Amino acid sequence: MSPFNKRLRDFAYVEWGGISRDVWFELRTKKLRAIPLTLSACLSILTLQVIQHSGSTGTEWVNRLGGVYATLPWWKALLRTPLSLFVPDPSLPVWGLIAQVVFMFGIAEMTVGRRHTLGIGLLATLAGTSFARYSLAVGPDGFLGLPVSTLVVRDTGPSAAVVALGVYVACRYRAWWTGGVLILAMLVEVVFIVNLAGFEHLTAIVATLLLCALEGHLRRRREAELHRESPRQPPG
(Lines give C-alpha, C1' and ligand atoms only; values in the text may rest on other atoms or scores of the structure.)
Protein backbone atom coordinates (compact mmCIF):
# COMPACT_ATOMS: atom_id res chain seq x y z
CA MET A 1 0.00 0.00 0.00
CA SER A 2 1.36 3.40 -1.02
CA PRO A 3 1.94 6.06 1.68
CA PHE A 4 -0.84 8.19 0.17
CA ASN A 5 -3.36 5.36 0.28
CA LYS A 6 -2.35 4.57 3.85
CA ARG A 7 -2.82 8.19 4.92
CA LEU A 8 -6.18 8.25 3.16
CA ARG A 9 -7.27 5.05 4.90
CA ASP A 10 -6.14 6.37 8.28
CA PHE A 11 -7.98 9.64 7.69
CA ALA A 12 -11.18 7.80 6.76
CA TYR A 13 -10.89 5.62 9.86
CA VAL A 14 -10.41 8.60 12.17
CA GLU A 15 -13.29 10.55 10.60
CA TRP A 16 -15.83 7.82 9.95
CA GLY A 17 -14.60 4.67 11.65
CA GLY A 18 -16.66 5.10 14.82
CA ILE A 19 -19.77 6.16 12.92
CA SER A 20 -19.61 3.30 10.41
CA ARG A 21 -18.92 0.76 13.16
CA ASP A 22 -21.96 1.82 15.20
CA VAL A 23 -24.21 2.07 12.15
CA TRP A 24 -23.18 -1.38 10.92
CA PHE A 25 -23.74 -2.89 14.37
CA GLU A 26 -27.26 -1.44 14.59
CA LEU A 27 -28.18 -2.58 11.08
CA ARG A 28 -26.71 -6.04 11.59
CA THR A 29 -28.43 -6.66 14.92
CA LYS A 30 -31.75 -4.84 14.45
CA LYS A 31 -32.13 -4.34 10.68
CA LEU A 32 -35.07 -2.01 9.97
CA ARG A 33 -35.98 -1.96 13.66
CA ALA A 34 -32.93 0.28 14.10
CA ILE A 35 -34.55 3.19 12.25
CA PRO A 36 -38.27 3.46 13.09
CA LEU A 37 -38.09 7.26 13.30
CA THR A 38 -36.41 7.50 9.91
CA LEU A 39 -38.99 5.23 8.29
CA SER A 40 -41.83 7.19 9.91
CA ALA A 41 -40.34 10.46 8.66
CA CYS A 42 -40.12 9.12 5.10
CA LEU A 43 -43.70 7.86 5.24
CA SER A 44 -44.87 11.24 6.57
CA ILE A 45 -43.10 13.11 3.77
CA LEU A 46 -44.58 10.84 1.10
CA THR A 47 -48.07 11.05 2.61
CA LEU A 48 -48.00 14.85 2.86
CA GLN A 49 -46.63 15.10 -0.67
CA VAL A 50 -49.51 13.02 -2.01
CA ILE A 51 -52.09 15.03 -0.03
CA GLN A 52 -50.83 18.42 -1.12
CA HIS A 53 -50.84 17.30 -4.76
CA SER A 54 -54.34 15.85 -4.55
CA GLY A 55 -56.02 19.20 -5.23
CA SER A 56 -56.73 22.55 -3.63
CA THR A 57 -58.43 20.96 -0.63
CA GLY A 58 -55.41 18.78 0.14
CA THR A 59 -53.03 21.73 -0.21
CA GLU A 60 -55.20 23.80 2.10
CA TRP A 61 -55.21 21.13 4.81
CA VAL A 62 -51.44 20.64 4.62
CA ASN A 63 -50.98 24.40 4.97
CA ARG A 64 -53.35 24.54 7.93
CA LEU A 65 -51.67 21.71 9.78
CA GLY A 66 -48.00 22.14 8.86
CA GLY A 67 -47.55 25.29 6.82
CA VAL A 68 -45.26 27.71 8.66
CA TYR A 69 -44.83 31.30 7.49
CA ALA A 70 -42.82 34.14 8.98
CA THR A 71 -46.02 36.21 9.11
CA LEU A 72 -47.91 33.72 11.29
CA PRO A 73 -48.50 34.45 15.00
CA TRP A 74 -45.89 32.69 17.14
CA TRP A 75 -48.36 30.37 18.85
CA LYS A 76 -49.68 29.12 15.54
CA ALA A 77 -46.19 28.64 14.11
CA LEU A 78 -45.17 26.62 17.19
CA LEU A 79 -48.21 24.37 16.87
CA ARG A 80 -47.40 23.69 13.22
CA THR A 81 -43.65 23.26 13.64
CA PRO A 82 -43.54 19.50 14.41
CA LEU A 83 -45.47 18.61 11.26
CA SER A 84 -43.74 21.30 9.18
CA LEU A 85 -40.53 19.32 9.55
CA PHE A 86 -42.00 16.71 7.18
CA VAL A 87 -43.94 18.96 4.78
CA PRO A 88 -41.99 18.93 1.49
CA ASP A 89 -41.69 21.83 -0.90
CA PRO A 90 -44.16 20.99 -3.68
CA SER A 91 -41.82 22.45 -6.30
CA LEU A 92 -38.92 20.12 -5.40
CA PRO A 93 -38.55 16.41 -6.24
CA VAL A 94 -39.65 14.42 -3.23
CA TRP A 95 -37.09 11.69 -3.88
CA GLY A 96 -34.32 14.16 -3.01
CA LEU A 97 -35.85 14.84 0.39
CA ILE A 98 -36.38 11.13 1.01
CA ALA A 99 -32.73 10.43 0.18
CA GLN A 100 -31.56 13.14 2.62
CA VAL A 101 -33.79 11.85 5.39
CA VAL A 102 -32.87 8.18 4.89
CA PHE A 103 -29.16 9.00 4.93
CA MET A 104 -28.86 11.61 7.69
CA PHE A 105 -31.82 10.77 9.91
CA GLY A 106 -30.85 7.11 9.66
CA ILE A 107 -27.23 7.70 10.66
CA ALA A 108 -28.26 10.00 13.51
CA GLU A 109 -30.91 7.60 14.81
CA MET A 110 -28.42 4.74 14.90
CA THR A 111 -25.61 6.75 16.50
CA VAL A 112 -27.10 9.37 18.85
CA GLY A 113 -30.56 7.88 19.36
CA ARG A 114 -34.13 8.67 18.42
CA ARG A 115 -34.74 11.33 21.07
CA HIS A 116 -31.66 13.31 20.10
CA THR A 117 -32.47 12.96 16.41
CA LEU A 118 -36.01 14.25 16.79
CA GLY A 119 -35.02 16.92 19.31
CA ILE A 120 -32.24 18.34 17.16
CA GLY A 121 -34.49 18.25 14.10
CA LEU A 122 -37.09 20.33 15.93
CA LEU A 123 -34.41 22.65 17.34
CA ALA A 124 -33.04 23.29 13.85
CA THR A 125 -36.52 23.94 12.47
CA LEU A 126 -37.35 26.39 15.26
CA ALA A 127 -34.00 28.15 14.82
CA GLY A 128 -34.68 28.62 11.11
CA THR A 129 -38.19 29.90 11.77
CA SER A 130 -36.80 32.35 14.32
CA PHE A 131 -34.31 33.68 11.80
CA ALA A 132 -37.04 34.23 9.22
CA ARG A 133 -39.03 36.27 11.75
CA TYR A 134 -35.96 38.25 12.76
CA SER A 135 -35.10 39.04 9.14
CA LEU A 136 -38.67 40.12 8.46
CA ALA A 137 -38.62 42.36 11.54
CA VAL A 138 -35.36 44.18 10.72
CA GLY A 139 -36.22 44.56 7.05
CA PRO A 140 -34.00 44.18 3.98
CA ASP A 141 -31.72 47.02 5.11
CA GLY A 142 -31.08 45.56 8.57
CA PHE A 143 -28.31 43.21 9.66
CA LEU A 144 -28.86 39.89 7.85
CA GLY A 145 -32.14 41.22 6.51
CA LEU A 146 -33.48 39.57 3.37
CA PRO A 147 -35.92 40.83 0.75
CA VAL A 148 -39.50 40.49 1.93
CA SER A 149 -40.34 38.40 -1.15
CA THR A 150 -38.01 35.64 0.10
CA LEU A 151 -39.52 35.63 3.60
CA VAL A 152 -43.26 35.33 2.94
CA VAL A 153 -42.98 31.89 1.31
CA ARG A 154 -43.94 28.67 3.09
CA ASP A 155 -41.07 27.67 5.34
CA THR A 156 -41.20 23.88 5.68
CA GLY A 157 -39.15 20.77 5.03
CA PRO A 158 -36.39 18.69 6.66
CA SER A 159 -33.33 20.32 5.06
CA ALA A 160 -32.33 22.41 8.11
CA ALA A 161 -32.75 19.36 10.33
CA VAL A 162 -30.60 17.28 7.98
CA VAL A 163 -27.78 19.85 8.11
CA ALA A 164 -28.01 20.21 11.89
CA LEU A 165 -27.93 16.44 12.42
CA GLY A 166 -24.88 16.14 10.21
CA VAL A 167 -23.02 18.71 12.30
CA TYR A 168 -24.19 17.17 15.59
CA VAL A 169 -23.10 13.65 14.67
CA ALA A 170 -19.75 15.00 13.45
CA CYS A 171 -19.21 16.77 16.78
CA ARG A 172 -20.22 13.75 18.85
CA TYR A 173 -17.79 11.49 16.96
CA ARG A 174 -15.08 14.18 16.65
CA ALA A 175 -15.23 14.04 12.85
CA TRP A 176 -13.93 17.60 12.70
CA TRP A 177 -13.06 17.64 9.01
CA THR A 178 -16.48 16.33 8.03
CA GLY A 179 -18.24 18.90 10.20
CA GLY A 180 -16.00 21.67 8.88
CA VAL A 181 -16.67 20.77 5.25
CA LEU A 182 -20.41 20.73 5.91
CA ILE A 183 -20.31 24.16 7.56
CA LEU A 184 -18.14 25.53 4.74
CA ALA A 185 -20.60 24.22 2.16
CA MET A 186 -23.44 26.07 3.88
CA LEU A 187 -21.37 29.28 3.96
CA VAL A 188 -20.68 28.96 0.24
CA GLU A 189 -24.41 28.41 -0.35
CA VAL A 190 -25.22 31.67 1.44
CA VAL A 191 -22.58 33.61 -0.48
CA PHE A 192 -23.63 32.46 -3.94
CA ILE A 193 -27.36 31.81 -3.42
CA VAL A 194 -28.97 34.48 -1.29
CA ASN A 195 -32.20 32.89 -0.09
CA LEU A 196 -34.00 32.04 3.12
CA ALA A 197 -33.02 28.35 3.08
CA GLY A 198 -29.29 29.06 3.16
CA PHE A 199 -29.52 31.42 6.12
CA GLU A 200 -31.80 29.00 7.94
CA HIS A 201 -29.24 26.25 7.45
CA LEU A 202 -26.56 28.44 9.03
CA THR A 203 -28.88 29.36 11.89
CA ALA A 204 -29.55 25.67 12.50
CA ILE A 205 -25.80 25.01 12.54
CA VAL A 206 -25.20 27.79 15.07
CA ALA A 207 -27.95 26.41 17.33
CA THR A 208 -26.46 22.91 17.06
CA LEU A 209 -22.92 24.10 17.86
CA LEU A 210 -24.24 25.94 20.93
CA LEU A 211 -25.98 22.74 22.02
CA CYS A 212 -22.77 20.75 21.54
CA ALA A 213 -20.83 23.34 23.56
CA LEU A 214 -23.40 23.17 26.37
CA GLU A 215 -23.33 19.36 26.41
CA GLY A 216 -19.54 19.41 26.50
CA HIS A 217 -19.53 21.87 29.41
CA LEU A 218 -22.03 19.78 31.40
CA ARG A 219 -20.10 16.59 30.69
CA ARG A 220 -16.81 18.13 31.87
CA ARG A 221 -18.47 19.45 35.02
CA ARG A 222 -19.94 16.02 35.83
CA GLU A 223 -16.55 14.40 35.29
CA ALA A 224 -14.91 16.96 37.60
CA GLU A 225 -17.53 16.33 40.30
CA LEU A 226 -17.06 12.56 40.04
CA HIS A 227 -13.31 13.02 40.28
CA ARG A 228 -13.66 15.13 43.44
CA GLU A 229 -16.09 12.66 45.03
CA SER A 230 -14.05 9.53 44.27
CA PRO A 231 -12.11 8.26 47.32
CA ARG A 232 -8.42 8.86 47.17
CA GLN A 233 -6.16 5.84 47.28
CA PRO A 234 -3.85 5.70 50.30
CA PRO A 235 -0.20 6.00 49.45
CA GLY A 236 1.42 2.64 48.90
# chains A, B, ... in the order shown; residues from 1 in each chain; ligands from 1
>>> residues_around(residues="Cys212 of chain A", least_positions_apart="6", cutoff="12 Å", atoms="only C-alpha atoms", output="ChimeraX atom specification")
/A:116,120,164-165,167-174,205-206,218-219
>>> write_last_selection(atoms="N, CA, C and O atoms", output="tab-separated table (two decimals), in the first residue's frame")
chain	number	residue	atom	x	y	z
A	116	HIS	N	-32.57	12.26	20.56
A	116	HIS	CA	-31.66	13.31	20.10
A	116	HIS	C	-31.94	13.68	18.65
A	116	HIS	O	-31.92	14.86	18.29
A	120	ILE	N	-33.09	17.45	17.93
A	120	ILE	CA	-32.24	18.34	17.16
A	120	ILE	C	-32.93	18.77	15.87
A	120	ILE	O	-32.79	19.91	15.42
A	164	ALA	N	-28.32	20.16	10.46
A	164	ALA	CA	-28.01	20.21	11.89
A	164	ALA	C	-27.60	18.83	12.42
A	164	ALA	O	-26.65	18.71	13.21
A	165	LEU	N	-28.28	17.79	11.98
A	165	LEU	CA	-27.93	16.44	12.42
A	165	LEU	C	-26.55	16.03	11.92
A	165	LEU	O	-25.80	15.36	12.65
A	167	VAL	N	-23.99	18.01	11.46
A	167	VAL	CA	-23.02	18.71	12.30
A	167	VAL	C	-22.98	18.08	13.69
A	167	VAL	O	-21.90	17.89	14.28
A	168	TYR	N	-24.14	17.73	14.24
A	168	TYR	CA	-24.19	17.17	15.59
A	168	TYR	C	-23.47	15.82	15.65
A	168	TYR	O	-22.68	15.57	16.56
A	169	VAL	N	-23.76	14.95	14.69
A	169	VAL	CA	-23.10	13.65	14.67
A	169	VAL	C	-21.59	13.82	14.50
A	169	VAL	O	-20.79	13.13	15.16
A	170	ALA	N	-21.18	14.75	13.64
A	170	ALA	CA	-19.75	15.00	13.45
A	170	ALA	C	-19.09	15.45	14.74
A	170	ALA	O	-17.98	15.02	15.08
A	171	CYS	N	-19.77	16.31	15.50
A	171	CYS	CA	-19.21	16.77	16.78
A	171	CYS	C	-19.14	15.64	17.80
A	171	CYS	O	-18.15	15.49	18.52
A	172	ARG	N	-20.19	14.84	17.87
A	172	ARG	CA	-20.22	13.75	18.85
A	172	ARG	C	-19.11	12.72	18.59
A	172	ARG	O	-18.54	12.15	19.52
A	173	TYR	N	-18.80	12.48	17.31
A	173	TYR	CA	-17.79	11.49	16.96
A	173	TYR	C	-16.44	12.13	16.64
A	173	TYR	O	-15.54	11.46	16.16
A	174	ARG	N	-16.33	13.43	16.88
A	174	ARG	CA	-15.08	14.18	16.65
A	174	ARG	C	-14.61	14.06	15.20
A	174	ARG	O	-13.40	13.99	14.93
A	205	ILE	N	-27.15	25.43	12.17
A	205	ILE	CA	-25.80	25.01	12.54
A	205	ILE	C	-25.34	25.72	13.80
A	205	ILE	O	-24.77	25.10	14.71
A	206	VAL	N	-25.59	27.02	13.88
A	206	VAL	CA	-25.20	27.79	15.07
A	206	VAL	C	-25.90	27.23	16.32
A	206	VAL	O	-25.28	27.03	17.37
A	218	LEU	N	-21.37	20.57	30.36
A	218	LEU	CA	-22.03	19.78	31.40
A	218	LEU	C	-21.30	18.46	31.62
A	218	LEU	O	-21.19	17.99	32.77
A	219	ARG	N	-20.81	17.86	30.56
A	219	ARG	CA	-20.10	16.59	30.69
A	219	ARG	C	-18.79	16.80	31.47
A	219	ARG	O	-18.46	16.00	32.36
>>> closest_residue(among="A:Leu37, A:Cys42, A:Ala124, A:Val14", to="Ile98 of chain A", atoms="only C-alpha atoms")
A:Cys42
>>> closest_residue(among="A:Ala175, A:Ile183, A:Leu196, A:Leu146", to="Glu15 of chain A", atoms="only C-alpha atoms")
A:Ala175
>>> atom_distance(atom1="atom CA of Gly128 of chain A", atom2="atom CA of Asp155 of chain A")
8.7 Å
>>> atom_distance(atom1="atom CA of Thr117 of chain A", atom2="atom CA of Thr71 of chain A")
27.9 Å
>>> residues_around(residues="segment 44-51 of chain A", least_positions_apart="6", cutoff="10 Å", atoms="only C-alpha atoms", output="PyMOL selection string")
chain A and resi 38+57-62+66+83-90+93-95+97-98+101+157-158
>>> select_by_dssp(residues="segment 27-80 of chain A", states="alpha helix (DSSP H)", output="PyMOL selection string")
chain A and resi 27-30+36-52+56-66+74-80
>>> closest_residue(among="A:Thr129, A:Gln100, A:Thr208, A:Thr111", to="Arg154 of chain A", atoms="only C-alpha atoms")
A:Thr129
>>> residues_around(residues="segment 1-12 of chain A", least_positions_apart="5", cutoff="12 Å", atoms="only C-alpha atoms", output="PyMOL selection string")
chain A and resi 17-20+175-178
>>> atom_distance(atom1="atom CA of Leu32 of chain A", atom2="atom CA of Phe105 of chain A")
13.2 Å
>>> residues_around(residues="Val190 of chain A", least_positions_apart="2", cutoff="12 Å", atoms="only C-alpha atoms", output="ChimeraX atom specification")
/A:144,146,183-188,192-203
